[in-house]
$ cat entry_0.cif   # mmCIF, C-alpha atoms
data_run
#
loop_
_atom_site.label_atom_id
_atom_site.label_comp_id
_atom_site.auth_asym_id
_atom_site.auth_seq_id
_atom_site.Cartn_x
_atom_site.Cartn_y
_atom_site.Cartn_z
CA MET Y 1 124.58 122.72 87.22
CA LYS Y 2 122.92 123.99 84.05
CA ASN Y 3 120.16 121.41 83.81
CA GLU Y 4 116.59 122.33 84.59
CA LYS Y 5 115.83 118.87 85.88
CA PHE Y 6 118.06 116.57 87.86
CA TYR Y 7 117.64 112.94 86.78
CA VAL Y 8 118.35 110.12 89.19
CA SER Y 9 118.39 106.50 88.03
CA TYR Y 10 117.47 103.51 90.16
CA ASN Y 11 121.08 102.33 90.28
CA THR Y 12 122.15 105.77 91.53
CA VAL Y 13 119.47 105.64 94.24
CA HIS Y 14 120.72 102.19 95.24
CA LYS Y 15 124.31 103.43 95.49
CA LEU Y 16 123.32 106.55 97.45
CA VAL Y 17 121.41 104.41 99.95
CA LYS Y 18 124.29 101.93 100.25
CA GLY Y 19 126.67 104.81 100.94
CA LEU Y 20 124.38 106.14 103.66
CA ALA Y 21 124.03 102.68 105.19
CA GLN Y 22 127.82 102.38 105.40
CA LYS Y 23 128.06 105.84 106.95
CA ILE Y 24 125.45 104.92 109.58
CA MET Y 25 127.10 101.58 110.33
CA LYS Y 26 130.41 103.39 110.93
CA SER Y 27 128.69 105.95 113.18
CA ASP Y 28 127.65 105.25 116.78
CA PHE Y 29 123.96 105.28 115.76
CA ASP Y 30 122.53 101.77 115.66
CA PRO Y 31 118.83 102.00 114.77
CA ASP Y 32 116.27 99.61 116.22
CA VAL Y 33 113.57 100.32 113.66
CA ILE Y 34 113.17 102.00 110.28
CA VAL Y 35 110.20 104.28 109.66
CA ALA Y 36 109.51 104.91 105.97
CA ILE Y 37 107.50 107.98 105.03
CA GLY Y 38 105.15 106.93 102.24
CA SER Y 39 105.17 106.91 99.46
CA GLY Y 40 108.55 108.58 98.71
CA GLY Y 41 110.43 106.79 101.46
CA PHE Y 42 109.29 103.27 100.51
CA ILE Y 43 112.02 102.59 97.96
CA PRO Y 44 115.00 104.00 99.92
CA ALA Y 45 113.72 102.21 103.05
CA ARG Y 46 113.49 98.85 101.30
CA ILE Y 47 116.98 99.27 99.89
CA ILE Y 48 118.55 100.23 103.23
CA LYS Y 49 117.02 97.10 104.78
CA THR Y 50 119.43 95.09 102.60
CA PHE Y 51 122.35 96.70 104.42
CA ILE Y 52 120.80 97.47 107.84
CA ASN Y 53 118.22 94.76 108.47
CA ARG Y 54 115.62 96.24 110.81
CA PRO Y 55 111.79 96.07 110.84
CA ILE Y 56 110.26 98.74 108.61
CA TYR Y 57 107.16 100.61 109.74
CA ALA Y 58 105.49 102.66 107.06
CA VAL Y 59 103.63 105.89 107.68
CA GLY Y 60 101.58 107.49 104.95
CA ILE Y 61 101.84 111.27 104.93
CA SER Y 62 100.22 113.36 102.24
CA TYR Y 63 99.01 116.84 101.46
CA TYR Y 64 96.03 115.13 99.89
CA GLY Y 65 93.42 113.49 102.06
CA VAL Y 66 91.80 110.19 101.11
CA ASP Y 67 89.14 112.45 99.56
CA LYS Y 68 91.91 113.66 97.14
CA LYS Y 69 91.44 117.31 98.15
CA HIS Y 70 94.64 119.28 98.61
CA LYS Y 71 95.32 120.42 102.18
CA THR Y 72 97.69 123.08 103.48
CA HIS Y 73 99.09 120.78 106.15
CA PRO Y 74 100.36 117.22 105.99
CA THR Y 75 97.77 114.57 106.77
CA LYS Y 76 98.26 111.07 108.10
CA ILE Y 77 97.09 108.51 105.54
CA GLN Y 78 98.46 105.64 107.59
CA TRP Y 79 100.00 105.56 111.02
CA ILE Y 80 101.73 102.91 113.15
CA ASP Y 81 99.61 100.41 115.13
CA GLU Y 82 100.40 100.33 118.84
CA VAL Y 83 102.91 103.06 118.07
CA GLN Y 84 103.62 103.78 121.74
CA GLU Y 85 104.98 100.27 122.27
CA GLN Y 86 106.82 100.15 118.95
CA LEU Y 87 108.75 103.40 119.41
CA LYS Y 88 109.17 104.07 123.14
CA GLY Y 89 112.86 104.00 124.02
CA LYS Y 90 113.77 102.99 120.47
CA LYS Y 91 116.34 104.42 118.09
CA VAL Y 92 114.41 105.31 114.95
CA LEU Y 93 115.79 105.83 111.47
CA LEU Y 94 113.23 107.97 109.63
CA ILE Y 95 113.47 107.83 105.84
CA ASP Y 96 112.09 109.96 103.02
CA GLU Y 97 113.32 110.58 99.49
CA VAL Y 98 113.79 114.37 99.61
CA ASP Y 99 114.01 117.17 102.15
CA ASP Y 100 112.37 119.97 100.19
CA THR Y 101 110.45 122.47 102.34
CA ARG Y 102 110.96 120.20 105.38
CA ALA Y 103 107.23 120.47 106.12
CA THR Y 104 106.48 116.74 105.84
CA LEU Y 105 109.66 115.66 107.61
CA GLY Y 106 109.21 118.25 110.38
CA TYR Y 107 105.61 117.19 110.91
CA CYS Y 108 106.51 113.53 110.98
CA VAL Y 109 109.41 114.02 113.40
CA ARG Y 110 107.23 116.05 115.81
CA GLU Y 111 104.51 113.40 115.72
CA LEU Y 112 106.95 110.53 116.30
CA LEU Y 113 108.67 112.34 119.19
CA LYS Y 114 105.38 112.17 121.11
CA TYR Y 115 106.01 108.45 121.63
CA ASN Y 116 109.31 109.03 123.46
CA PRO Y 117 111.78 107.26 121.23
CA GLU Y 118 115.38 107.28 122.48
CA GLU Y 119 116.43 109.09 119.31
CA ILE Y 120 115.23 109.85 115.81
CA ALA Y 121 117.77 110.20 113.01
CA VAL Y 122 116.62 111.48 109.62
CA LEU Y 123 117.83 110.06 106.31
CA VAL Y 124 117.04 111.44 102.86
CA LEU Y 125 118.46 110.94 99.39
CA HIS Y 126 118.53 114.67 98.62
CA ASN Y 127 118.46 117.78 100.76
CA LYS Y 128 117.48 120.86 98.76
CA LEU Y 129 119.54 123.86 99.81
CA LYS Y 130 116.74 126.39 100.23
CA GLU Y 131 114.86 128.25 102.87
CA LYS Y 132 112.81 125.68 104.77
CA ASP Y 133 109.21 126.14 105.92
CA ALA Y 134 109.91 124.15 109.08
CA ASN Y 135 112.91 123.33 111.25
CA PHE Y 136 113.80 120.10 112.94
CA PRO Y 137 113.25 120.15 116.70
CA VAL Y 138 116.42 120.15 118.84
CA GLU Y 139 115.88 116.45 119.55
CA ILE Y 140 117.11 115.68 116.03
CA LYS Y 141 120.86 115.32 116.39
CA ARG Y 142 121.70 113.25 113.32
CA TYR Y 143 120.73 114.06 109.78
CA PHE Y 144 121.97 111.94 106.89
CA PRO Y 145 121.35 113.44 103.44
CA ALA Y 146 123.13 111.51 100.68
CA LEU Y 147 123.42 114.67 98.57
CA GLU Y 148 122.93 118.38 99.14
CA ILE Y 149 121.52 119.94 96.00
CA GLU Y 150 120.33 123.31 94.74
CA ASP Y 151 116.58 123.92 94.53
CA ILE Y 152 115.95 122.13 91.26
CA TRP Y 153 113.36 119.63 90.03
CA ILE Y 154 114.59 116.16 91.00
CA LYS Y 155 113.28 113.44 88.73
CA TYR Y 156 113.16 110.15 90.62
CA PRO Y 157 113.11 106.91 88.65
CA TRP Y 158 109.88 105.59 90.15
CA ASP Y 159 108.01 108.54 88.62
CA ALA Y 160 109.29 107.78 85.10
CA GLU Y 161 106.83 107.10 82.33
CA ASP Y 162 109.68 105.65 80.22
CA ILE Y 163 112.42 104.28 82.47
CA GLU Y 164 114.96 103.67 79.68
CA ASP Y 165 114.62 107.27 78.52
CA HIS Y 166 114.93 108.42 82.14
CA THR Y 167 118.10 106.37 82.67
CA ASN Y 168 119.62 107.77 79.45
CA ARG Y 169 118.81 111.33 80.51
CA GLU Y 170 120.73 110.83 83.76
CA LYS Y 171 123.66 109.45 81.75
CA ALA Y 172 123.66 112.46 79.39
CA MET Y 173 123.35 114.86 82.34
CA LEU Y 174 126.30 113.29 84.15
CA LEU Y 175 128.42 113.40 80.97
CA ASN Y 176 127.58 117.09 80.43
CA ASN Y 177 128.48 117.95 83.99
CA GLY Y 178 131.48 115.63 84.22
CA MET S 1 116.39 78.53 81.30
CA LYS S 2 119.80 77.18 82.31
CA ASN S 3 120.71 79.79 84.91
CA GLU S 4 120.70 78.89 88.58
CA LYS S 5 119.66 82.41 89.53
CA PHE S 6 117.28 84.71 87.76
CA TYR S 7 118.49 88.31 87.85
CA VAL S 8 116.01 91.18 87.63
CA SER S 9 117.20 94.77 87.26
CA TYR S 10 115.37 97.81 88.57
CA ASN S 11 114.49 98.93 85.07
CA THR S 12 112.99 95.52 84.35
CA VAL S 13 110.93 95.74 87.55
CA HIS S 14 109.72 99.19 86.49
CA LYS S 15 108.69 97.90 83.06
CA LEU S 16 106.95 94.82 84.51
CA VAL S 17 104.95 97.05 86.88
CA LYS S 18 104.07 99.49 84.11
CA GLY S 19 102.83 96.59 81.98
CA LEU S 20 100.65 95.34 84.83
CA ALA S 21 99.28 98.84 85.44
CA GLN S 22 98.26 99.08 81.78
CA LYS S 23 96.64 95.65 81.94
CA ILE S 24 94.66 96.66 85.05
CA MET S 25 93.62 99.99 83.53
CA LYS S 26 92.30 98.13 80.48
CA SER S 27 90.43 95.64 82.70
CA ASP S 28 87.16 96.41 84.49
CA PHE S 29 88.95 96.43 87.85
CA ASP S 30 89.41 99.96 89.17
CA PRO S 31 91.10 99.76 92.60
CA ASP S 32 90.25 102.22 95.38
CA VAL S 33 93.35 101.49 97.45
CA ILE S 34 96.70 99.77 97.13
CA VAL S 35 97.92 97.52 99.93
CA ALA S 36 101.66 96.83 99.82
CA ILE S 37 102.97 93.77 101.63
CA GLY S 38 106.22 94.84 103.29
CA SER S 39 108.92 94.79 102.65
CA GLY S 40 108.92 93.06 99.23
CA GLY S 41 105.84 94.88 97.96
CA PHE S 42 107.07 98.39 98.79
CA ILE S 43 108.97 98.98 95.57
CA PRO S 44 106.39 97.55 93.11
CA ALA S 45 103.64 99.42 95.03
CA ARG S 46 105.46 102.76 94.81
CA ILE S 47 106.05 102.25 91.08
CA ILE S 48 102.45 101.33 90.31
CA LYS S 49 101.31 104.51 92.08
CA THR S 50 102.93 106.44 89.21
CA PHE S 51 100.49 104.82 86.78
CA ILE S 52 97.49 104.14 89.06
CA ASN S 53 97.47 106.89 91.68
CA ARG S 54 95.73 105.51 94.76
CA PRO S 55 96.55 105.73 98.48
CA ILE S 56 99.02 103.04 99.55
CA TYR S 57 98.57 101.23 102.86
CA ALA S 58 101.52 99.16 103.95
CA VAL S 59 101.28 95.97 105.94
CA GLY S 60 104.35 94.36 107.40
CA ILE S 61 104.27 90.57 107.20
CA SER S 62 107.22 88.46 108.22
CA TYR S 63 108.22 84.98 109.29
CA TYR S 64 110.41 86.68 111.84
CA GLY S 65 108.89 88.38 114.88
CA VAL S 66 110.18 91.69 116.17
CA ASP S 67 112.28 89.43 118.44
CA LYS S 68 114.02 88.17 115.24
CA LYS S 69 113.10 84.55 115.96
CA HIS S 70 111.91 82.55 112.97
CA LYS S 71 108.28 81.46 113.13
CA THR S 72 106.46 78.77 111.16
CA HIS S 73 103.56 81.10 110.34
CA PRO S 74 103.48 84.65 108.97
CA THR S 75 103.34 87.37 111.62
CA LYS S 76 101.96 90.87 111.36
CA ILE S 77 104.75 93.40 111.90
CA GLN S 78 102.48 96.29 110.96
CA TRP S 79 98.80 96.41 110.21
CA ILE S 80 96.40 99.09 108.94
CA ASP S 81 94.96 101.68 111.37
CA GLU S 82 91.18 101.78 111.41
CA VAL S 83 91.34 99.01 108.85
CA GLN S 84 87.60 98.34 108.99
CA GLU S 85 86.82 101.85 107.72
CA GLN S 86 89.67 101.86 105.19
CA LEU S 87 88.75 98.60 103.48
CA LYS S 88 85.00 97.99 103.89
CA GLY S 89 83.34 98.03 100.49
CA LYS S 90 86.61 98.98 98.78
CA LYS S 91 88.35 97.46 95.79
CA VAL S 92 91.82 96.52 97.00
CA LEU S 93 94.92 95.92 94.89
CA LEU S 94 97.23 93.78 97.05
CA ILE S 95 100.89 93.85 95.96
CA ASP S 96 103.90 91.69 96.74
CA GLU S 97 107.08 90.97 94.79
CA VAL S 98 106.80 87.20 94.43
CA ASP S 99 104.22 84.45 94.82
CA ASP S 100 106.46 81.64 96.04
CA THR S 101 104.74 79.19 98.44
CA ARG S 102 101.71 81.54 98.56
CA ALA S 103 101.78 81.31 102.37
CA THR S 104 102.29 85.05 102.97
CA LEU S 105 99.88 86.13 100.23
CA GLY S 106 97.25 83.59 101.31
CA TYR S 107 97.52 84.71 104.94
CA CYS S 108 97.31 88.36 104.00
CA VAL S 109 94.29 87.86 101.72
CA ARG S 110 92.42 85.92 104.40
CA GLU S 111 93.14 88.60 107.00
CA LEU S 112 92.07 91.43 104.68
CA LEU S 113 88.86 89.65 103.65
CA LYS S 114 87.70 89.91 107.30
CA TYR S 115 87.10 93.63 106.72
CA ASN S 116 84.57 93.01 103.92
CA PRO S 117 86.25 94.72 100.98
CA GLU S 118 84.24 94.68 97.75
CA GLU S 119 87.07 92.80 96.06
CA ILE S 120 90.74 91.99 96.49
CA ALA S 121 92.91 91.56 93.40
CA VAL S 122 96.45 90.23 93.79
CA LEU S 123 99.44 91.57 91.86
CA VAL S 124 102.96 90.12 91.91
CA LEU S 125 106.04 90.54 89.75
CA HIS S 126 106.72 86.81 89.58
CA ASN S 127 104.59 83.73 90.18
CA LYS S 128 106.71 80.64 90.76
CA LEU S 129 105.19 77.63 89.03
CA LYS S 130 105.34 75.14 91.89
CA GLU S 131 103.15 73.36 94.35
CA LYS S 132 101.82 75.99 96.73
CA ASP S 133 101.46 75.59 100.50
CA ALA S 134 98.25 77.65 100.47
CA ASN S 135 95.49 78.47 98.01
CA PHE S 136 93.70 81.72 97.44
CA PRO S 137 90.15 81.74 98.79
CA VAL S 138 87.36 81.72 96.18
CA GLU S 139 86.84 85.45 96.78
CA ILE S 140 90.04 86.14 94.80
CA LYS S 141 88.85 86.44 91.21
CA ARG S 142 91.70 88.45 89.70
CA TYR S 143 95.35 87.58 89.86
CA PHE S 144 97.94 89.64 87.98
CA PRO S 145 101.41 88.08 87.87
CA ALA S 146 103.75 89.94 85.50
CA LEU S 147 105.69 86.75 84.81
CA GLU S 148 105.18 83.05 85.47
CA ILE S 149 108.52 81.45 86.18
CA GLU S 150 109.97 78.06 87.14
CA ASP S 151 111.00 77.51 90.76
CA ILE S 152 114.35 79.27 90.64
CA TRP S 153 116.17 81.77 92.85
CA ILE S 154 114.99 85.23 91.79
CA LYS S 155 117.55 87.94 92.54
CA TYR S 156 115.76 91.26 93.00
CA PRO S 157 117.76 94.46 92.56
CA TRP S 158 117.00 95.86 96.02
CA ASP S 159 118.87 92.91 97.56
CA ALA S 160 122.03 93.56 95.52
CA GLU S 161 125.30 94.25 97.32
CA ASP S 162 126.75 95.60 94.04
CA ILE S 163 123.97 96.97 91.83
CA GLU S 164 126.15 97.50 88.72
CA ASP S 165 127.30 93.88 88.87
CA HIS S 166 123.69 92.80 89.38
CA THR S 167 122.50 94.81 86.36
CA ASN S 168 125.28 93.33 84.21
CA ARG S 169 124.37 89.82 85.30
CA GLU S 170 120.80 90.35 84.13
CA LYS S 171 122.11 91.64 80.80
CA ALA S 172 124.38 88.59 80.35
CA MET S 173 121.55 86.25 81.34
CA LEU S 174 119.14 87.80 78.83
CA LEU S 175 121.77 87.60 76.06
CA ASN S 176 122.42 83.93 76.86
CA ASN S 177 118.73 83.12 76.77
CA GLY S 178 117.86 85.40 73.88
#
$ encode --input "entry_0.cif" --output "structure tokens"
Amino acid sequence: MKNEKFYVSYNTVHKLVKGLAQKIMKSDFDPDVIVAIGSGGFIPARIIKTFINRPIYAVGISYYGVDKKHKTHPTKIQWIDEVQEQLKGKKVLLIDEVDDTRATLGYCVRELLKYNPEEIAVLVLHNKLKEKDANFPVEIKRYFPALEIEDIWIKYPWDAEDIEDHTNREKAMLLNNG
Amino acid sequence: MKNEKFYVSYNTVHKLVKGLAQKIMKSDFDPDVIVAIGSGGFIPARIIKTFINRPIYAVGISYYGVDKKHKTHPTKIQWIDEVQEQLKGKKVLLIDEVDDTRATLGYCVRELLKYNPEEIAVLVLHNKLKEKDANFPVEIKRYFPALEIEDIWIKYPWDAEDIEDHTNREKAMLLNNG
């Protein structure tokens, strides 16, 4: 991989999520609910619902408070109403777009475990192969990254100013690496 | 329009949302928060955040309860924590993918108005030109549909089994109509 940035198109995201859905459906993990970590997990979560149709709860996690000031720890922007009843004894599929430092995912998993779900499985599009700032607790037994990738800048389609240019850059990148 | 189904690719969705964001930024409406109606509003809401960076709250609205039984009225699957404090006096941009019968949007607007926001503006990708089952209350003064469209089956990309086939069908459709 010689590129400085790793471009991912929407259609690639869709195919990665479909592949993960098929992997989960073939596994013995049958989730009751999907929890999407906002805002990065919204798009993968909505796509997986096409293949694994479960209610989606969204949680907003950010390093920026509503006051827009940067914080050193993740902050809850939105949480789940009556979360105790929604998660207790449930099999939860927790979704985010990327596992970078693992700080957000680790925080979210630890918070959700407080409500005694039966299990939490973690799904991400990309896991960056790097030293992580946090580990998953031992309760996390299933981890579904669609791709493992070196520590590089991943350019997701939803962040694109010009989506046609973005899509073409992915195409050129894949041709160069093919 | 001779097609029975109206195909929309991800890149088209992205461009429609970007166009709406530019329209809103040029207007005198400056939202404080985005409220995404799940699950259809998740993807447009995440995209608009790229252009108008505001906190996203997700609300889950469905005609199916958590028990999966169909209901005649919309049901809240998820609501906003401390909603009174989050919305009071705020300018809210409420997002869904389609304005079909207006039942879900109308319900959601009426529920949100209870928390005394300063204003709620409604944004959708497509407004179907048909008789609606519900009207917006008079408090709704701004309505941003990216496209007005006849009452036809809109095929969104996130519902696609085969996303390459879906994208090609949009291309063929646009060529036929061009």
$ residues_around --input "entry_0.cif" --residues "stretch 40-53 of chain Y" --least-positions-apart "3" --cutoff "9 Å" --atoms "all atoms listed in the file" --output "ChimeraX atom specification"
/Y:13-14,17-18,20-22,24-25,31,33-37,56,58,94-98,124-125,158 /S:38-40,42-46,157-161
$ calpha_fit_and_write --input "entry_0.cif" --fixed "chain S" --moving "chain Y" --output "CSV table (one decimal) with C-alpha atoms, in the frame of the given file"
chain,number,residue,atom,x,y,z
Y,1,MET,CA,116.4,78.5,81.3
Y,2,LYS,CA,119.8,77.2,82.3
Y,3,ASN,CA,120.7,79.8,84.9
Y,4,GLU,CA,120.7,78.9,88.6
Y,5,LYS,CA,119.7,82.4,89.5
Y,6,PHE,CA,117.3,84.7,87.7
Y,7,TYR,CA,118.5,88.3,87.8
Y,8,VAL,CA,116.0,91.2,87.6
Y,9,SER,CA,117.2,94.8,87.3
Y,10,TYR,CA,115.4,97.8,88.6
Y,11,ASN,CA,114.5,99.0,85.1
Y,12,THR,CA,113.0,95.5,84.3
Y,13,VAL,CA,110.9,95.7,87.6
Y,14,HIS,CA,109.7,99.2,86.5
Y,15,LYS,CA,108.7,97.9,83.1
Y,16,LEU,CA,106.9,94.8,84.5
Y,17,VAL,CA,104.9,97.0,86.9
Y,18,LYS,CA,104.1,99.5,84.1
Y,19,GLY,CA,102.8,96.6,82.0
Y,20,LEU,CA,100.6,95.3,84.8
Y,21,ALA,CA,99.3,98.8,85.4
Y,22,GLN,CA,98.3,99.1,81.8
Y,23,LYS,CA,96.6,95.6,82.0
Y,24,ILE,CA,94.7,96.7,85.1
Y,25,MET,CA,93.6,100.0,83.6
Y,26,LYS,CA,92.3,98.1,80.5
Y,27,SER,CA,90.4,95.6,82.7
Y,28,ASP,CA,87.1,96.4,84.5
Y,29,PHE,CA,88.9,96.4,87.9
Y,30,ASP,CA,89.4,100.0,89.2
Y,31,PRO,CA,91.1,99.8,92.6
Y,32,ASP,CA,90.3,102.2,95.4
Y,33,VAL,CA,93.3,101.5,97.5
Y,34,ILE,CA,96.7,99.8,97.1
Y,35,VAL,CA,97.9,97.5,99.9
Y,36,ALA,CA,101.7,96.8,99.8
Y,37,ILE,CA,103.0,93.8,101.6
Y,38,GLY,CA,106.2,94.8,103.3
Y,39,SER,CA,108.9,94.8,102.7
Y,40,GLY,CA,108.9,93.0,99.2
Y,41,GLY,CA,105.8,94.9,98.0
Y,42,PHE,CA,107.1,98.4,98.8
Y,43,ILE,CA,109.0,99.0,95.6
Y,44,PRO,CA,106.4,97.5,93.1
Y,45,ALA,CA,103.6,99.4,95.0
Y,46,ARG,CA,105.4,102.7,94.8
Y,47,ILE,CA,106.0,102.2,91.1
Y,48,ILE,CA,102.4,101.3,90.3
Y,49,LYS,CA,101.3,104.5,92.1
Y,50,THR,CA,102.9,106.4,89.2
Y,51,PHE,CA,100.5,104.8,86.8
Y,52,ILE,CA,97.5,104.1,89.1
Y,53,ASN,CA,97.5,106.9,91.7
Y,54,ARG,CA,95.7,105.5,94.8
Y,55,PRO,CA,96.5,105.7,98.5
Y,56,ILE,CA,99.0,103.0,99.6
Y,57,TYR,CA,98.6,101.2,102.9
Y,58,ALA,CA,101.5,99.2,103.9
Y,59,VAL,CA,101.3,96.0,105.9
Y,60,GLY,CA,104.4,94.4,107.4
Y,61,ILE,CA,104.3,90.6,107.2
Y,62,SER,CA,107.2,88.5,108.2
Y,63,TYR,CA,108.2,85.0,109.3
Y,64,TYR,CA,110.4,86.7,111.8
Y,65,GLY,CA,108.9,88.4,114.8
Y,66,VAL,CA,110.2,91.7,116.1
Y,67,ASP,CA,112.3,89.5,118.4
Y,68,LYS,CA,114.0,88.2,115.2
Y,69,LYS,CA,113.1,84.6,116.0
Y,70,HIS,CA,111.9,82.5,113.0
Y,71,LYS,CA,108.2,81.5,113.1
Y,72,THR,CA,106.4,78.8,111.1
Y,73,HIS,CA,103.5,81.1,110.3
Y,74,PRO,CA,103.5,84.7,109.0
Y,75,THR,CA,103.3,87.4,111.6
Y,76,LYS,CA,102.0,90.9,111.4
Y,77,ILE,CA,104.8,93.4,111.9
Y,78,GLN,CA,102.5,96.3,111.0
Y,79,TRP,CA,98.8,96.4,110.2
Y,80,ILE,CA,96.4,99.1,108.9
Y,81,ASP,CA,95.0,101.6,111.4
Y,82,GLU,CA,91.2,101.8,111.4
Y,83,VAL,CA,91.3,99.0,108.9
Y,84,GLN,CA,87.6,98.3,109.0
Y,85,GLU,CA,86.8,101.8,107.7
Y,86,GLN,CA,89.7,101.9,105.2
Y,87,LEU,CA,88.7,98.6,103.5
Y,88,LYS,CA,85.0,98.0,103.9
Y,89,GLY,CA,83.3,98.0,100.5
Y,90,LYS,CA,86.6,99.0,98.8
Y,91,LYS,CA,88.4,97.4,95.8
Y,92,VAL,CA,91.8,96.5,97.0
Y,93,LEU,CA,94.9,95.9,94.9
Y,94,LEU,CA,97.2,93.8,97.0
Y,95,ILE,CA,100.9,93.9,96.0
Y,96,ASP,CA,103.9,91.7,96.7
Y,97,GLU,CA,107.1,91.0,94.8
Y,98,VAL,CA,106.8,87.2,94.4
Y,99,ASP,CA,104.2,84.4,94.8
Y,100,ASP,CA,106.5,81.6,96.0
Y,101,THR,CA,104.7,79.2,98.4
Y,102,ARG,CA,101.7,81.5,98.6
Y,103,ALA,CA,101.8,81.3,102.4
Y,104,THR,CA,102.3,85.0,103.0
Y,105,LEU,CA,99.9,86.1,100.2
Y,106,GLY,CA,97.2,83.6,101.3
Y,107,TYR,CA,97.5,84.7,104.9
Y,108,CYS,CA,97.3,88.4,104.0
Y,109,VAL,CA,94.3,87.9,101.7
Y,110,ARG,CA,92.4,85.9,104.4
Y,111,GLU,CA,93.1,88.6,107.0
Y,112,LEU,CA,92.1,91.4,104.7
Y,113,LEU,CA,88.8,89.7,103.7
Y,114,LYS,CA,87.7,89.9,107.3
Y,115,TYR,CA,87.1,93.6,106.7
Y,116,ASN,CA,84.6,93.0,103.9
Y,117,PRO,CA,86.2,94.7,101.0
Y,118,GLU,CA,84.2,94.7,97.7
Y,119,GLU,CA,87.1,92.8,96.1
Y,120,ILE,CA,90.7,92.0,96.5
Y,121,ALA,CA,92.9,91.6,93.4
Y,122,VAL,CA,96.5,90.2,93.8
Y,123,LEU,CA,99.4,91.6,91.9
Y,124,VAL,CA,103.0,90.1,91.9
Y,125,LEU,CA,106.0,90.6,89.8
Y,126,HIS,CA,106.7,86.8,89.6
Y,127,ASN,CA,104.6,83.7,90.2
Y,128,LYS,CA,106.7,80.6,90.8
Y,129,LEU,CA,105.2,77.6,89.0
Y,130,LYS,CA,105.4,75.1,91.9
Y,131,GLU,CA,103.2,73.4,94.4
Y,132,LYS,CA,101.8,76.0,96.7
Y,133,ASP,CA,101.5,75.6,100.5
Y,134,ALA,CA,98.3,77.6,100.5
Y,135,ASN,CA,95.5,78.5,98.0
Y,136,PHE,CA,93.7,81.7,97.4
Y,137,PRO,CA,90.2,81.7,98.8
Y,138,VAL,CA,87.4,81.7,96.2
Y,139,GLU,CA,86.9,85.5,96.8
Y,140,ILE,CA,90.0,86.1,94.8
Y,141,LYS,CA,88.9,86.5,91.2
Y,142,ARG,CA,91.7,88.5,89.7
Y,143,TYR,CA,95.4,87.6,89.9
Y,144,PHE,CA,97.9,89.6,88.0
Y,145,PRO,CA,101.4,88.1,87.9
Y,146,ALA,CA,103.7,89.9,85.5
Y,147,LEU,CA,105.7,86.7,84.8
Y,148,GLU,CA,105.2,83.0,85.5
Y,149,ILE,CA,108.5,81.4,86.2
Y,150,GLU,CA,110.0,78.1,87.1
Y,151,ASP,CA,111.0,77.5,90.8
Y,152,ILE,CA,114.4,79.2,90.6
Y,153,TRP,CA,116.2,81.8,92.8
Y,154,ILE,CA,115.0,85.2,91.8
Y,155,LYS,CA,117.5,87.9,92.5
Y,156,TYR,CA,115.8,91.3,93.0
Y,157,PRO,CA,117.7,94.5,92.6
Y,158,TRP,CA,117.0,95.9,96.0
Y,159,ASP,CA,118.9,92.9,97.6
Y,160,ALA,CA,122.0,93.6,95.5
Y,161,GLU,CA,125.3,94.2,97.3
Y,162,ASP,CA,126.7,95.6,94.0
Y,163,ILE,CA,124.0,97.0,91.8
Y,164,GLU,CA,126.1,97.5,88.7
Y,165,ASP,CA,127.3,93.9,88.9
Y,166,HIS,CA,123.7,92.8,89.4
Y,167,THR,CA,122.5,94.8,86.4
Y,168,ASN,CA,125.3,93.3,84.2
Y,169,ARG,CA,124.4,89.8,85.3
Y,170,GLU,CA,120.8,90.3,84.1
Y,171,LYS,CA,122.1,91.6,80.8
Y,172,ALA,CA,124.4,88.6,80.3
Y,173,MET,CA,121.5,86.2,81.3
Y,174,LEU,CA,119.2,87.8,78.8
Y,175,LEU,CA,121.8,87.6,76.1
Y,176,ASN,CA,122.4,83.9,76.8
Y,177,ASN,CA,118.8,83.1,76.7
Y,178,GLY,CA,117.9,85.4,73.8
$ resolve_selection --input "entry_0.cif" --expression "the PyMOL selection byres ((chain S and resi 88) around 9)" --output "list in words"
Val83, Gln84, Glu85, Gln86, Leu87, Gly89, Lys90, Lys91, Tyr115, Asn116, Pro117 and Glu118 of chain S
$ axis_aligned_box --input "entry_0.cif" --around "stretch 147-155 of chain S" --padding-each-side "5 Å" --output "JSON"
{"center_x": 111.4, "center_y": 82.7, "center_z": 88.8, "size_x": 22.4, "size_y": 20.4, "size_z": 18.0}
$ closest_residue --input "entry_0.cif" --among "Y:Leu16, Y:Ile120, Y:Ile77, Y:Ala146" --to "chain S" --atoms "only C-alpha atoms"
Y:Ile77
$ atom_distance --input "entry_0.cif" --atom1 "atom CA of S:Tyr7" --atom2 "atom CA of S:Glu150"
13.3 Å
$ closest_residue --input "entry_0.cif" --among "S:Ile163, S:Leu129, S:Ile149, S:Leu112" --to "chain Y" --atoms "all atoms listed in the file"
S:Ile163
$ build_atoms --input "entry_0.cif" --residues "stretch 157-161 of chain Y" --atoms "N, CA and C atoms" --output "mmCIF file, keeping the file's coordinate frame"
data_model
loop_
_atom_site.group_PDB
_atom_site.id
_atom_site.type_symbol
_atom_site.label_atom_id
_atom_site.label_comp_id
_atom_site.auth_asym_id
_atom_site.auth_seq_id
_atom_site.Cartn_x
_atom_site.Cartn_y
_atom_site.Cartn_z
ATOM 1 N N PRO Y 157 113.409 107.935 89.663
ATOM 2 C CA PRO Y 157 113.110 106.910 88.650
ATOM 3 C C PRO Y 157 111.704 106.331 88.763
ATOM 4 N N TRP Y 158 111.199 106.211 89.993
ATOM 5 C CA TRP Y 158 109.880 105.590 90.150
ATOM 6 C C TRP Y 158 108.757 106.420 89.536
ATOM 7 N N ASP Y 159 109.016 107.692 89.267
ATOM 8 C CA ASP Y 159 108.010 108.540 88.620
ATOM 9 C C ASP Y 159 108.101 108.504 87.092
ATOM 10 N N ALA Y 160 109.050 107.739 86.555
ATOM 11 C CA ALA Y 160 109.290 107.780 85.100
ATOM 12 C C ALA Y 160 108.196 107.066 84.319
ATOM 13 N N GLU Y 161 107.736 107.735 83.283
ATOM 14 C CA GLU Y 161 106.830 107.100 82.330
ATOM 15 C C GLU Y 161 107.633 106.077 81.500
#
